[in-house]
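Coordinates as given in model.txt (compact mmCIF, C-alpha atoms):
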```txt
# COMPACT_ATOMS: atom_id res chain seq x y z
CA MET D 1422 -22.80 -44.43 -64.32
CA VAL D 1423 -23.35 -42.00 -61.51
CA SER D 1424 -25.23 -43.65 -58.70
CA PHE D 1425 -28.01 -41.62 -57.18
CA GLU D 1426 -30.62 -41.99 -54.50
CA PRO D 1427 -34.09 -42.42 -55.93
CA PRO D 1428 -35.96 -39.25 -54.92
CA ASP D 1429 -38.82 -41.24 -53.40
CA LYS D 1430 -36.50 -42.81 -50.87
CA SER D 1431 -35.25 -39.51 -49.48
CA ARG D 1432 -38.80 -38.14 -49.35
CA TRP D 1433 -39.93 -41.19 -47.44
CA SER D 1434 -37.12 -40.97 -44.89
CA GLY D 1435 -37.95 -37.29 -44.36
CA PHE D 1436 -41.58 -38.21 -43.83
CA ILE D 1437 -40.63 -40.84 -41.24
CA LEU D 1438 -38.33 -38.35 -39.49
CA GLY D 1439 -41.24 -35.90 -39.31
CA MET D 1440 -43.47 -38.53 -37.74
CA ARG D 1441 -40.77 -39.25 -35.15
CA LEU D 1442 -40.43 -35.54 -34.33
CA GLY D 1443 -44.16 -35.51 -33.57
CA LEU D 1444 -43.79 -38.22 -30.91
CA PRO D 1445 -43.17 -36.00 -27.84
CA VAL D 1446 -46.47 -34.16 -28.30
CA ALA D 1447 -48.55 -37.26 -29.00
CA PRO D 1448 -49.65 -37.83 -25.36
CA GLY D 1449 -50.74 -34.21 -25.03
CA ILE D 1450 -52.68 -34.29 -28.28
CA MET D 1451 -54.31 -37.58 -27.26
CA ALA D 1452 -55.39 -36.18 -23.89
CA PHE D 1453 -56.64 -32.93 -25.40
CA GLY D 1454 -58.43 -34.86 -28.16
CA LEU D 1455 -60.33 -36.98 -25.65
CA VAL D 1456 -61.62 -33.82 -23.96
CA VAL D 1457 -62.63 -32.12 -27.24
CA GLY D 1458 -64.30 -35.30 -28.54
CA ALA D 1459 -66.26 -35.66 -25.33
CA ALA D 1460 -67.33 -31.99 -25.52
CA ALA D 1461 -68.64 -32.47 -29.06
CA ALA D 1462 -70.69 -35.50 -28.00
CA ARG D 1463 -72.06 -33.64 -24.97
CA GLN D 1464 -73.23 -30.75 -27.18
CA GLY D 1465 -75.16 -33.13 -29.43
CA LEU D 1466 -72.99 -33.05 -32.54
CA THR D 1467 -73.26 -36.19 -34.65
CA PHE D 1468 -70.09 -38.24 -35.07
CA LEU D 1469 -69.77 -37.07 -38.67
CA GLN D 1470 -70.08 -33.42 -37.60
CA SER D 1471 -67.49 -33.95 -34.88
CA LEU D 1472 -65.14 -35.65 -37.35
CA ALA D 1473 -65.57 -32.85 -39.89
CA MET D 1474 -64.84 -30.21 -37.26
CA ASN D 1475 -61.77 -32.06 -35.96
CA PHE D 1476 -60.31 -32.41 -39.43
CA LEU D 1477 -61.26 -29.03 -40.92
CA VAL D 1478 -60.80 -26.78 -37.90
CA CYS D 1479 -58.16 -28.90 -36.13
CA SER D 1480 -57.54 -26.26 -33.49
CA GLY D 1481 -58.03 -27.76 -30.05
CA ILE D 1482 -58.39 -24.58 -28.01
CA ALA D 1483 -60.70 -22.87 -30.53
CA GLN D 1484 -62.93 -25.96 -30.70
CA LEU D 1485 -63.06 -26.38 -26.95
CA VAL D 1486 -64.02 -22.74 -26.40
CA ALA D 1487 -66.60 -22.86 -29.21
CA LEU D 1488 -68.12 -26.09 -27.87
CA GLU D 1489 -68.22 -24.53 -24.41
CA ILE D 1490 -70.64 -21.86 -25.68
CA TRP D 1491 -72.22 -24.06 -28.39
CA PRO D 1492 -75.90 -23.02 -28.65
CA ALA D 1493 -78.72 -25.53 -28.44
CA VAL D 1494 -80.40 -23.70 -31.34
CA VAL D 1495 -77.98 -22.64 -34.10
CA THR D 1496 -78.89 -19.27 -35.62
CA TRP D 1497 -76.91 -17.04 -38.05
CA GLY D 1498 -75.91 -15.05 -35.00
CA ALA D 1499 -74.43 -18.18 -33.42
CA VAL D 1500 -72.58 -19.01 -36.66
CA LEU D 1501 -71.06 -15.54 -36.60
CA THR D 1502 -70.13 -15.88 -32.93
CA VAL D 1503 -68.19 -19.13 -33.36
CA ALA D 1504 -66.49 -17.73 -36.48
CA VAL D 1505 -65.27 -14.65 -34.57
CA LEU D 1506 -64.22 -16.90 -31.72
CA ALA D 1507 -62.15 -19.07 -34.08
CA ALA D 1508 -60.44 -15.92 -35.39
CA VAL D 1509 -59.63 -14.53 -31.94
CA VAL D 1510 -58.40 -17.80 -30.46
CA GLY D 1511 -56.50 -18.67 -33.64
CA ALA D 1512 -54.78 -15.28 -34.02
CA ARG D 1513 -51.41 -16.70 -32.98
CA LEU D 1514 -51.61 -19.04 -36.00
CA PHE D 1515 -51.42 -15.94 -38.22
CA LEU D 1516 -48.02 -15.06 -36.79
CA MET D 1517 -46.88 -18.66 -37.09
CA SER D 1518 -47.98 -18.52 -40.72
CA VAL D 1519 -45.95 -15.32 -41.23
CA SER D 1520 -42.86 -17.10 -39.91
CA MET D 1521 -43.28 -19.94 -42.43
CA ARG D 1522 -42.67 -17.55 -45.37
CA PRO D 1523 -38.88 -17.90 -45.68
CA TRP D 1524 -39.21 -21.70 -45.92
CA PHE D 1525 -42.47 -22.34 -47.77
CA GLY D 1526 -41.97 -19.29 -49.99
CA GLN D 1527 -39.37 -21.36 -51.86
CA ARG D 1528 -41.91 -24.10 -52.57
CA PRO D 1529 -44.64 -24.23 -55.24
CA ALA D 1530 -47.82 -22.47 -54.11
CA TRP D 1531 -49.97 -25.62 -54.09
CA GLN D 1532 -47.50 -27.27 -51.74
CA ALA D 1533 -47.23 -24.26 -49.44
CA TYR D 1534 -50.98 -23.73 -49.19
CA SER D 1535 -51.77 -27.39 -48.58
CA ALA D 1536 -49.02 -27.53 -45.95
CA LEU D 1537 -50.50 -24.48 -44.20
CA PHE D 1538 -53.80 -26.32 -43.79
CA PHE D 1539 -51.97 -28.49 -41.22
CA LEU D 1540 -50.40 -25.56 -39.35
CA THR D 1541 -50.93 -26.09 -35.62
CA ASP D 1542 -48.93 -25.25 -32.50
CA ALA D 1543 -47.27 -28.66 -32.66
CA THR D 1544 -46.44 -28.75 -36.39
CA TRP D 1545 -45.17 -25.17 -36.23
CA LEU D 1546 -42.90 -25.88 -33.26
CA ILE D 1547 -41.48 -28.94 -34.97
CA ALA D 1548 -40.95 -26.99 -38.20
CA MET D 1549 -39.18 -24.10 -36.43
CA ARG D 1550 -36.86 -26.45 -34.60
CA TYR D 1551 -36.13 -28.42 -37.78
CA ARG D 1552 -35.36 -25.19 -39.65
CA ALA D 1553 -33.20 -23.85 -36.81
CA GLU D 1554 -31.08 -26.98 -37.18
CA GLY D 1555 -30.69 -26.36 -40.89
CA GLY D 1556 -33.37 -28.69 -42.30
CA ARG D 1557 -35.21 -27.88 -45.53
CA ASP D 1558 -37.07 -31.06 -46.54
CA VAL D 1559 -40.82 -30.33 -46.75
CA ALA D 1560 -41.51 -34.07 -46.42
CA VAL D 1561 -40.50 -33.74 -42.76
CA TYR D 1562 -43.24 -31.16 -42.26
CA PHE D 1563 -45.84 -33.38 -43.93
CA GLY D 1564 -44.66 -36.34 -41.86
CA SER D 1565 -45.18 -34.55 -38.57
CA ALA D 1566 -48.46 -33.04 -39.84
CA SER D 1567 -49.81 -36.51 -40.77
CA ALA D 1568 -48.78 -38.06 -37.47
CA ILE D 1569 -50.34 -35.24 -35.46
CA MET D 1570 -53.55 -35.18 -37.50
CA ALA D 1571 -53.88 -38.98 -37.18
CA ALA D 1572 -53.36 -38.86 -33.41
CA TRP D 1573 -55.84 -35.99 -33.17
CA LEU D 1574 -58.57 -37.77 -35.19
CA VAL D 1575 -58.16 -41.04 -33.28
CA ALA D 1576 -58.18 -39.31 -29.89
CA THR D 1577 -61.18 -37.08 -30.65
CA GLY D 1578 -63.01 -40.12 -32.08
CA VAL D 1579 -62.38 -42.16 -28.95
CA GLY D 1580 -63.27 -39.16 -26.79
CA TYR D 1581 -66.56 -38.76 -28.66
CA PHE D 1582 -67.71 -42.22 -27.56
CA VAL D 1583 -66.04 -42.79 -24.19
CA GLY D 1584 -64.81 -39.32 -23.17
CA SER D 1585 -67.24 -38.92 -20.31
CA PHE D 1586 -65.86 -42.04 -18.63
CA ILE D 1587 -62.27 -40.91 -18.69
CA ALA D 1588 -60.61 -39.42 -15.63
CA ASP D 1589 -59.49 -35.81 -15.65
CA PRO D 1590 -56.32 -35.59 -17.81
CA ALA D 1591 -55.10 -32.68 -15.66
CA LYS D 1592 -54.57 -35.12 -12.81
CA TYR D 1593 -51.67 -36.65 -14.71
CA GLY D 1594 -50.32 -33.31 -15.89
CA LEU D 1595 -51.31 -34.12 -19.48
CA ASP D 1596 -52.78 -30.63 -19.98
CA LEU D 1597 -49.24 -29.33 -19.54
CA VAL D 1598 -47.67 -31.37 -22.37
CA MET D 1599 -48.03 -28.51 -24.86
CA PRO D 1600 -46.62 -25.83 -22.53
CA ALA D 1601 -43.69 -28.16 -21.70
CA PHE D 1602 -43.12 -28.82 -25.41
CA PHE D 1603 -43.26 -25.08 -26.16
CA ALA D 1604 -40.65 -24.46 -23.44
CA ALA D 1605 -38.36 -27.24 -24.69
CA MET D 1606 -38.54 -25.95 -28.26
CA LEU D 1607 -37.15 -22.60 -27.16
CA VAL D 1608 -33.76 -24.23 -26.56
CA PRO D 1609 -32.93 -25.15 -30.19
CA LEU D 1610 -33.92 -21.61 -31.24
CA TRP D 1611 -31.33 -20.10 -28.89
CA THR D 1612 -28.56 -18.47 -30.91
CA GLY D 1613 -26.89 -16.49 -28.17
CA PRO D 1614 -27.92 -13.65 -25.87
CA ARG D 1615 -28.18 -11.07 -28.64
CA ARG D 1616 -31.46 -12.36 -29.96
CA ALA D 1617 -32.74 -13.05 -26.47
CA TRP D 1618 -33.34 -9.32 -25.97
CA GLY D 1619 -36.31 -9.61 -28.29
CA TRP D 1620 -37.57 -12.62 -26.33
CA ALA D 1621 -37.30 -10.66 -23.09
CA VAL D 1622 -39.35 -7.83 -24.61
CA ALA D 1623 -41.92 -10.38 -25.86
CA GLY D 1624 -42.20 -11.87 -22.37
CA ILE D 1625 -42.58 -8.54 -20.58
CA VAL D 1626 -45.20 -7.27 -23.04
CA ALA D 1627 -47.11 -10.58 -22.94
CA VAL D 1628 -47.23 -10.68 -19.14
CA ALA D 1629 -48.33 -7.03 -18.98
CA VAL D 1630 -51.04 -7.41 -21.65
CA GLU D 1631 -52.27 -10.65 -20.08
CA ARG D 1632 -53.00 -8.70 -16.89
CA LEU D 1633 -54.66 -5.77 -18.63
CA VAL D 1634 -56.60 -7.24 -21.57
CA PRO D 1635 -58.90 -10.27 -21.38
CA GLY D 1636 -58.62 -13.06 -23.94
CA TRP D 1637 -55.62 -14.27 -25.90
CA TRP D 1638 -54.34 -10.93 -27.18
CA PHE D 1639 -51.26 -11.14 -24.98
CA ILE D 1640 -49.78 -13.75 -27.32
CA VAL D 1641 -50.22 -11.55 -30.40
CA ALA D 1642 -49.05 -8.35 -28.68
CA GLY D 1643 -46.01 -9.96 -27.05
CA SER D 1644 -44.96 -11.79 -30.23
CA ILE D 1645 -45.17 -8.78 -32.53
CA VAL D 1646 -43.46 -6.29 -30.22
CA GLY D 1647 -40.80 -8.86 -29.27
CA ALA D 1648 -40.05 -9.80 -32.90
CA ILE D 1649 -39.77 -6.17 -34.01
CA ALA D 1650 -37.58 -5.28 -31.02
CA GLY D 1651 -35.45 -8.39 -31.53
CA GLY D 1652 -35.13 -7.83 -35.28
CA TYR D 1653 -34.23 -4.19 -34.81
CA LEU D 1654 -31.59 -4.89 -32.14
CA ASP D 1655 -30.18 -7.69 -34.28
CA GLU D 1656 -29.67 -5.28 -37.17
CA GLN D 1657 -28.24 -2.50 -35.00
CA ARG D 1658 -25.41 -4.67 -33.76
CA GLU D 1659 -24.39 -6.15 -37.07
CA MET V 382 -80.35 -13.68 -37.45
CA ASN V 383 -82.57 -15.50 -34.98
CA ALA V 384 -84.11 -18.24 -37.13
CA ASP V 385 -83.33 -21.80 -36.05
CA LEU V 386 -81.16 -23.28 -38.77
CA GLY V 387 -81.32 -26.86 -37.42
CA THR V 388 -78.76 -29.38 -38.69
CA PHE V 389 -77.87 -27.03 -41.53
CA GLY V 390 -76.87 -24.48 -38.93
CA VAL V 391 -74.50 -26.90 -37.22
CA TRP V 392 -72.80 -27.56 -40.55
CA MET V 393 -72.69 -23.81 -41.26
CA ALA V 394 -71.05 -23.18 -37.89
CA ILE V 395 -68.43 -25.87 -38.56
CA ALA V 396 -67.81 -24.52 -42.07
CA ALA V 397 -67.50 -20.94 -40.77
CA MET V 398 -64.92 -22.00 -38.16
CA ALA V 399 -63.03 -24.04 -40.77
CA ILE V 400 -62.92 -21.18 -43.30
CA VAL V 401 -61.85 -18.58 -40.74
CA THR V 402 -59.16 -20.87 -39.32
CA TYR V 403 -57.73 -21.71 -42.75
CA ALA V 404 -57.76 -18.02 -43.71
CA ILE V 405 -55.65 -17.30 -40.62
CA ARG V 406 -53.32 -20.24 -41.27
CA ALA V 407 -52.72 -19.21 -44.88
CA GLY V 408 -53.10 -15.44 -44.39
CA GLY V 409 -49.80 -14.67 -42.69
CA PHE V 410 -47.82 -16.56 -45.34
CA TRP V 411 -49.85 -14.97 -48.14
CA LEU V 412 -49.43 -11.45 -46.78
CA MET V 413 -45.67 -11.87 -46.47
CA GLY V 414 -45.60 -12.61 -50.19
CA TYR V 415 -46.18 -8.88 -50.71
CA VAL V 416 -43.53 -7.78 -48.22
CA PRO V 417 -40.02 -7.73 -49.69
CA LEU V 418 -37.71 -9.89 -47.61
CA THR V 419 -35.20 -7.17 -46.78
CA ARG V 420 -32.54 -7.70 -44.17
CA ARG V 421 -34.64 -6.00 -41.53
CA VAL V 422 -37.72 -8.11 -42.35
CA ARG V 423 -35.57 -11.23 -42.18
CA SER V 424 -34.21 -10.20 -38.79
CA ILE V 425 -37.76 -9.70 -37.54
CA LEU V 426 -38.87 -13.07 -38.95
CA ASN V 427 -35.85 -14.71 -37.29
CA ALA V 428 -36.86 -13.22 -33.95
CA LEU V 429 -40.55 -14.12 -34.35
CA PRO V 430 -40.65 -17.84 -33.43
CA GLY V 431 -38.85 -17.39 -30.10
CA SER V 432 -41.02 -14.35 -29.33
CA VAL V 433 -44.22 -16.31 -29.98
CA ILE V 434 -43.05 -19.12 -27.68
CA VAL V 435 -42.03 -16.76 -24.88
CA ALA V 436 -45.28 -14.78 -25.21
CA ILE V 437 -47.22 -18.03 -24.77
CA ILE V 438 -45.29 -19.69 -21.94
CA LEU V 439 -44.16 -16.78 -19.76
CA PRO V 440 -47.67 -15.54 -18.80
CA LEU V 441 -48.54 -19.19 -18.16
CA ALA V 442 -45.48 -19.67 -15.95
CA VAL V 443 -46.24 -16.45 -14.07
CA ARG V 444 -49.99 -16.93 -13.68
CA GLY V 445 -50.74 -20.58 -14.38
CA GLY V 446 -50.00 -21.89 -10.90
CA THR V 447 -47.12 -23.91 -9.46
CA ALA V 448 -47.66 -26.99 -11.65
CA ALA V 449 -47.48 -25.00 -14.90
CA THR V 450 -44.38 -23.13 -13.72
CA VAL V 451 -42.68 -26.39 -12.72
CA ALA V 452 -43.56 -28.07 -16.05
CA ILE V 453 -42.12 -25.15 -18.05
CA VAL V 454 -38.94 -24.68 -16.00
CA ILE V 455 -38.12 -28.41 -15.83
CA ALA V 456 -38.78 -28.91 -19.57
CA LEU V 457 -36.49 -25.96 -20.39
CA ALA V 458 -33.75 -27.20 -18.07
CA VAL V 459 -33.83 -30.81 -19.30
CA MET V 460 -33.84 -29.68 -22.92
CA ALA V 461 -30.90 -27.34 -22.32
CA LEU V 462 -28.92 -30.12 -20.62
CA ARG V 463 -29.82 -33.14 -22.72
CA ARG V 464 -31.20 -31.78 -26.03
CA ASN V 465 -33.90 -34.46 -26.00
CA ASP V 466 -37.41 -33.10 -26.50
CA LEU V 467 -39.25 -36.30 -25.53
CA LEU V 468 -37.27 -36.55 -22.28
CA ALA V 469 -37.86 -32.83 -21.60
CA VAL V 470 -41.64 -33.18 -21.99
CA ILE V 471 -41.79 -36.35 -19.87
CA CYS V 472 -39.74 -34.76 -17.06
CA GLY V 473 -41.72 -31.50 -17.19
CA VAL V 474 -45.12 -33.21 -17.14
CA GLY V 475 -44.01 -35.79 -14.57
CA ALA V 476 -42.77 -33.05 -12.23
CA ALA V 477 -46.06 -31.15 -12.67
CA ALA V 478 -48.09 -34.28 -11.88
CA PHE V 479 -45.93 -34.80 -8.79
CA VAL V 480 -46.57 -31.22 -7.65
CA ARG V 481 -50.32 -31.64 -8.15
CA ALA V 482 -50.32 -34.93 -6.25
CA LEU V 483 -48.61 -33.19 -3.32
CA VAL V 484 -50.98 -30.21 -3.34
CA LEU V 485 -54.25 -32.09 -3.78
```

Will you turn the file into structure tokens for me?
Amino acid sequence: MVSFEPPDKSRWSGFILGMRLGLPVAPGIMAFGLVVGAAAARQGLTFLQSLAMNFLVCSGIAQLVALEIWPAVVTWGAVLTVAVLAAVVGARLFLMSVSMRPWFGQRPAWQAYSALFFLTDATWLIAMRYRAEGGRDVAVYFGSASAIMAAWLVATGVGYFVGSFIADPAKYGLDLVMPAFFAAMLVPLWTGPRRAWGWAVAGIVAVAVERLVPGWWFIVAGSIVGAIAGGYLDEQRE
Amino acid sequence: MNADLGTFGVWMAIAAMAIVTYAIRAGGFWLMGYVPLTRRVRSILNALPGSVIVAIILPLAVRGGTAATVAIVIALAVMALRRNDLLAVICGVGAAAFVRALVL
């Protein structure tokens, strides 16, 4: 008899690993969630509406910006406005989605498209790092996605009820957890100076566009130009 | 366009945001299904994650004030030295909080 690991066991350990990988961002998501939950309560959303938005949209920055301009009277015009806002603020998610193709493209469509529902800055960063280190178990992705969604729903729920009593998270630097996590995640992606040329181009373009164009376009512009430059240089030198 | 939609409107606004956001989340992956993964496309996809990260953090480090710069630089340095993401985030955020405490 050949002994073999029951498939459920390996899936489960991958899931747990994914949850552990989500740990470093948990405090940032908690702090951000408190703020978004409090904003929803302040704008008069019911708890159920707030919960639905947190689960279905699950995009902290987009929600916070939308709730900032949330109209007292919702018209079709207002619906259109928040929809456009979600698209503009979420544009970087499109590029993150593009970069998931080589991995999720090997999975059945139902799995890929349900996984993409949970695509956020945090889950994407964790996935990219995991992939850079040679991982391929989708259970890890779902583990981190579940942990992050759970933390997000709890934090926004608490924020909805007690958010206005909580001290400014910025005082403790908690608003900088995501930027710090982004920066840290760059390290595992480092594969030598050759690819860094593309990163340098991305940085220069992003800084320039950020000064010239209002909004979040600098992320999209920098990423695309940097990736094309990096990919092209990579090929040239092979 | 100007009629008050009431509670229905709130639900419509949430649904509209949800649909648009999911379309973006799934759209990039879906679109790449029609692009053959040639060597050049693979090279570009390999360079994309790092480019996205740099395009997000560099403008923040340049323009986001001392605390943001400190958080980003310290997190990068600690990660490069220790390869521990939790430690990197704690050190970066702790240093930023320290800077803010000094300034305020």

Point-to-point distance from CA of Tyr1581 in chain D to CA of Ala1459 in chain D, Å rounded to tenths:
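Taking CA of Tyr1581 in chain D and CA of Ala1459 in chain D, their separation equals 4.6 Å.
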
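Minimum atom-to-atom distances from V:Leu468, V:Ile453, V:Ala384, V:Ala477 to Ile437 in chain V were compared using all atoms listed in the file, and the lowest value belongs to V:Ile453.
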
Test item: which residues lie within 12 Å of (-32.3, -30.8, -32.3) counting only C-alpha atoms, as a ChimeraX atom specification:
/D:1442,1546-1556,1605-1611 /V:460-461,463-467

Please produce an output containing C-alpha atoms for each residue in the selection, written as a compact mmCIF listing (two decimals), keeping the file's coordinate frame.
```txt
# COMPACT_ATOMS: atom_id res chain seq x y z
CA LEU D 1442 -40.43 -35.54 -34.33
CA LEU D 1546 -42.90 -25.88 -33.26
CA ILE D 1547 -41.48 -28.94 -34.97
CA ALA D 1548 -40.95 -26.99 -38.20
CA MET D 1549 -39.18 -24.10 -36.43
CA ARG D 1550 -36.86 -26.45 -34.60
CA TYR D 1551 -36.13 -28.42 -37.78
CA ARG D 1552 -35.36 -25.19 -39.65
CA ALA D 1553 -33.20 -23.85 -36.81
CA GLU D 1554 -31.08 -26.98 -37.18
CA GLY D 1555 -30.69 -26.36 -40.89
CA GLY D 1556 -33.37 -28.69 -42.30
CA ALA D 1605 -38.36 -27.24 -24.69
CA MET D 1606 -38.54 -25.95 -28.26
CA LEU D 1607 -37.15 -22.60 -27.16
CA VAL D 1608 -33.76 -24.23 -26.56
CA PRO D 1609 -32.93 -25.15 -30.19
CA LEU D 1610 -33.92 -21.61 -31.24
CA TRP D 1611 -31.33 -20.10 -28.89
CA MET V 460 -33.84 -29.68 -22.92
CA ALA V 461 -30.90 -27.34 -22.32
CA ARG V 463 -29.82 -33.14 -22.72
CA ARG V 464 -31.20 -31.78 -26.03
CA ASN V 465 -33.90 -34.46 -26.00
CA ASP V 466 -37.41 -33.10 -26.50
CA LEU V 467 -39.25 -36.30 -25.53
```

List the neighbours of Ser1535 in chain D out to 12 Å using all atoms listed in the file; skip same-chain residues closer than 4 positions along the sequence, and give me the result as a list in words.
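So, after excluding close chain neighbours, the residues are Phe1525, Arg1528, Pro1529, Ala1530, Trp1531, Phe1539, Leu1540, Val1559, Tyr1562, Phe1563 and Ala1566 of chain D; Tyr403, Arg406, Ala407 and Phe410 of chain V.
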
Protein/DNA/RNA residues near (-48.3, -16.9, -29.1), cut 6 Å, all atoms listed in the file, as a PyMOL selection string
(chain D and resi 1513+1640-1641) or (chain V and resi 433-434+436-437)

Here is a test: counting all atoms listed in the file, which residue of D:Val1575, D:Val1457, D:Leu1472, D:Ala1623 is nearest to chain V?
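Going through D:Val1575, D:Val1457, D:Leu1472, D:Ala1623 one by one, the smallest distance to chain V is for D:Ala1623.
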
Which one is closest to chain V: D:Ala1568, D:Ala1504, D:Val1509, D:Ala1576? Count only C-alpha atoms.
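Closest residue, counting only C-alpha atoms: D:Ala1504.
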
Contacts from chain V to chain D, 7 Å maximum, only C-alpha atoms: show me the residue list as JSON, numbers by chain.
{"V": [382, 383, 384, 385, 386, 387, 390, 391, 393, 394, 395, 397, 398, 399, 401, 402, 403, 405, 406, 407, 408, 409, 410, 413, 421, 424, 425, 426, 428, 429, 430, 431, 432, 433, 434, 435, 436, 437, 438, 439, 440, 449, 452, 453, 456, 457, 460, 461, 466, 467, 469, 470, 473, 474, 475, 477, 478]}

Enclose range 426-439 of chain V, meaning all of its atoms listed in the file, in a box aligned along x, y and z, pad it by 4 Å on each side, and list the centre and edge lengths in Å to one decimal, as lines of an AutoDock Vina configuration file.
```
center_x = -41.5
center_y = -16.4
center_z = -29.4
size_x = 19.4
size_y = 14.6
size_z = 27.2
```

Just to confirm, what's the straight-line distance from CA of Arg1463 in chain D to CA of Gly1636 in chain D in Å (one decimal)?
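Straight-line distance from CA of Arg1463 in chain D to CA of Gly1636 in chain D works out to 24.6 Å.
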
Could you work out how far CA of Ala1462 in chain D lies from CA of Trp1573 in chain D, giving the answer in Å with one decimal?
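The value is 15.7 Å.
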
Restricting to only C-alpha atoms, whichever of D:Leu1488, D:Leu1633, D:Ile1450, D:Pro1614 is closest to Ile1569 in chain D is D:Ile1450

Taking into account only C-alpha atoms, which residue in the set V:Leu418, V:Ala448, V:Ala396, V:Ala404 is nearest to Phe479 in chain V?
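Closest candidate: V:Ala448.
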
From the set D:Ala1461, D:Leu1438, D:Val1486, D:Arg1432, which residue has the shortest atom-to-atom contact distance to Val1583 in chain D, counting only C-alpha atoms?
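Checking each candidate against Val1583 in chain D, we get D:Ala1461 as the closest.
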